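Engineer: I have a structure here, written as structure tokens, and I will follow up with some questions on it.
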Amino acid sequence: MIRTLFGIFSTIHEVGNHIAKISNNNLKKMEIKTLLILITILFVYSLIGGAIMMALEQAKEETASTDIITTLSTFLTDHSSCMTSSELSTLLTEVKDAYDSGVMSVIGNTSAATQWDFGNSIFFVVTAITTIGYGNQTPATKGGQAFIVIFALIGIPVTGLIIAGLAEKIKKLNSYFTNKKIPCLNKYAKTEKGFKYFLLYFTTICLLILIPSAIISAIEDWAYGEAIYYTVITFTTIGFGDFVVGITTEGGTKIVYKILVIIWIFTGLAWVGALIGECTETAKAFTEKKEKKQVKIGSDVDDTYEDVNTKVNSLKTKQKYCPR
């Protein structure tokens with residue numbers, strides 16, 4: 001057991017050193033090949049993590065589901081004269097709604113889809129390593145809790161590196177677009193720059209927020225505002241967990257749907273990273289320009305002061321040697 005723990009921490013240490021070496025090699029010059037290799041590694045890593053979480057958690061969930069179904073069946077048999085299955089179902093739905101609102105600590109609805117199938121398990125580990133952590137799904141076994149801690153310690157730095165690399169590529173695309181000249185606006189430099197930035201961010205918001213939110217709203221049967229809310233909460237990694245995609249989706253389409261959502265989330269996180277990077281660079285450039293201006297003003301004042309002193313001294317010298 002001790003050897004195993006030492007092996008795990010040794011692996012984490014080696015991975016951390018490798019990531020540090022990559023980071024120190026100037027992230028801005030990350031090659032496409034390196035980025036694709038990292039994405040492939042993370043993809044395989046997520047598949048393995050999802051499979052392990054499914055193996056650790058699904059059996060316990062199935063046992064709990066069987067137990068509660070048996071309990072409800074017995075309850076209905078014993079109280080068939082005073083309660084129907086429809087009335088009990090209504091009661092349990094209300095209990096679940098109250099629990100979701102944080103009022104109660106029990107869930108009475110057993111008809112929900114399994115949380116620990118392969119699709120949900122992959123989605124869980126991805127939300128963990130992206131630090132979104134919705135909180136609607138948590139490991140209940142000691143093995144699952146221990147595993148996700150180790151998994152996250154390795155996965156979070158790798159994910160951060162990938163998102164930073166993607167963000168850098170997005171910034172380059174943005175720069176390429178904003179540096180393109182618009183013939184009809186050549187005479188109006190400020191107008192051209194403002195128009196290009198407006199067009200760039202409006203298009204990006206449409207492609208990453210407005211259109212995906214409409215699709216999610218239709219699939220999940222949410223209000224459009226709720227889908228927008230979910231999108232922003234996800235992209236900012238706040239991850240409240242009150243809205244999570246794919247809970248009601250079942251079958252093979254769930255895995256495909258969640259993989260598409262994962263790709264969309266990574267793209268959105270990279271875009272937010274690029275936006276933060278651009279804002280930081282703009283603020284830094286503005287600060288440096290302001291500091292240079294202040295230094296120049298100070299230098300001009302010093303020069304003026306020296307000129308005045310020189311002239312005063314010159315006049316004093318003339319007065320000293322000139323007869324009255």
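How things are named: the first chain in the structure tokens is A, the next is B, and so on; residues count from 1 in each chain; ligands count from 1 in the order shown.
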I'd like a table as a Markdown table: residues in segment 29-85 of chain A with an atom no more than 12 Å from segment 258-280 of chain A, each row giving the shortest atom pair and its distance in Å to one decimal, only C-alpha atoms counted, sorted by chain and rising residue number.
Structural biologist:
```
| residue | atom | partner | partner_atom | distance |
| --- | --- | --- | --- | --- |
| A:Ile39 | CA | A:Phe266 | CA | 10.5 |
| A:Leu42 | CA | A:Phe266 | CA | 11.7 |
| A:Phe43 | CA | A:Ile259 | CA | 10.2 |
| A:Ser46 | CA | A:Ile262 | CA | 10.9 |
| A:Leu47 | CA | A:Ile259 | CA | 10.8 |
```
Engineer: Would you list the contacts of Ala128 of chain A as a ChimeraX atom specification, taking every protein, DNA or RNA residue within 10 Å and counting only C-alpha atoms, but skipping same-chain residues closer than 3 positions in sequence?
Structural biologist: /A:122-125,131-135,148-149,151-153,155-156
Engineer: Can you tell me which residues surround Thr130 of chain A at a distance of at most 7 Å, considering only C-alpha atoms, apart from same-chain residues fewer than 3 positions away, and format the answer as a VMD selection string?
Structural biologist: chain A and resid 126 to 127 156 159
Engineer: When you draw a straight line from atom CA of Ala64 of chain A to atom CA of Ala140 of chain A, how long is it in Å?
Structural biologist: 11.2 Å
Engineer: Could you give me, as a list of chain:residue names, each residue of segment 154-188 of chain A that DSSP assigns to alpha helix (DSSP H) when run on this structure's backbone?
Structural biologist: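 DSSP-assigned alpha helix (DSSP H) residues in segment 154-188 of chain A: A:Ile154, A:Gly155, A:Ile156, A:Pro157, A:Val158, A:Thr159, A:Gly160, A:Leu161, A:Ile162, A:Ile163, A:Ala164, A:Gly165, A:Leu166, A:Ala167, A:Glu168, A:Lys169, A:Ile170, A:Lys171, A:Lys172, A:Leu173, A:Asn174, A:Ser175, A:Tyr176, A:Phe177, A:Thr178.
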Engineer: Could you list, as a ChimeraX atom specification, every residue within 12 Å of segment 72-77 of chain A, counting only C-alpha atoms and ignoring same-chain residues fewer than 3 positions away?
Structural biologist: /A:65-69,80-89,91-92,108-110
Engineer: Counting only C-alpha atoms, which residue out of A:Asn120, A:Thr40, A:Thr203, A:Asn136 sits closest to Val256 of chain A?
Structural biologist: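 Ranked by minimum distance to Val256 of chain A, first place goes to A:Asn120.
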Engineer: To one decimal in Å, tell me the separation between atom CA of Val232 of chain A and atom CA of Lys169 of chain A.
Structural biologist: 21.6 Å
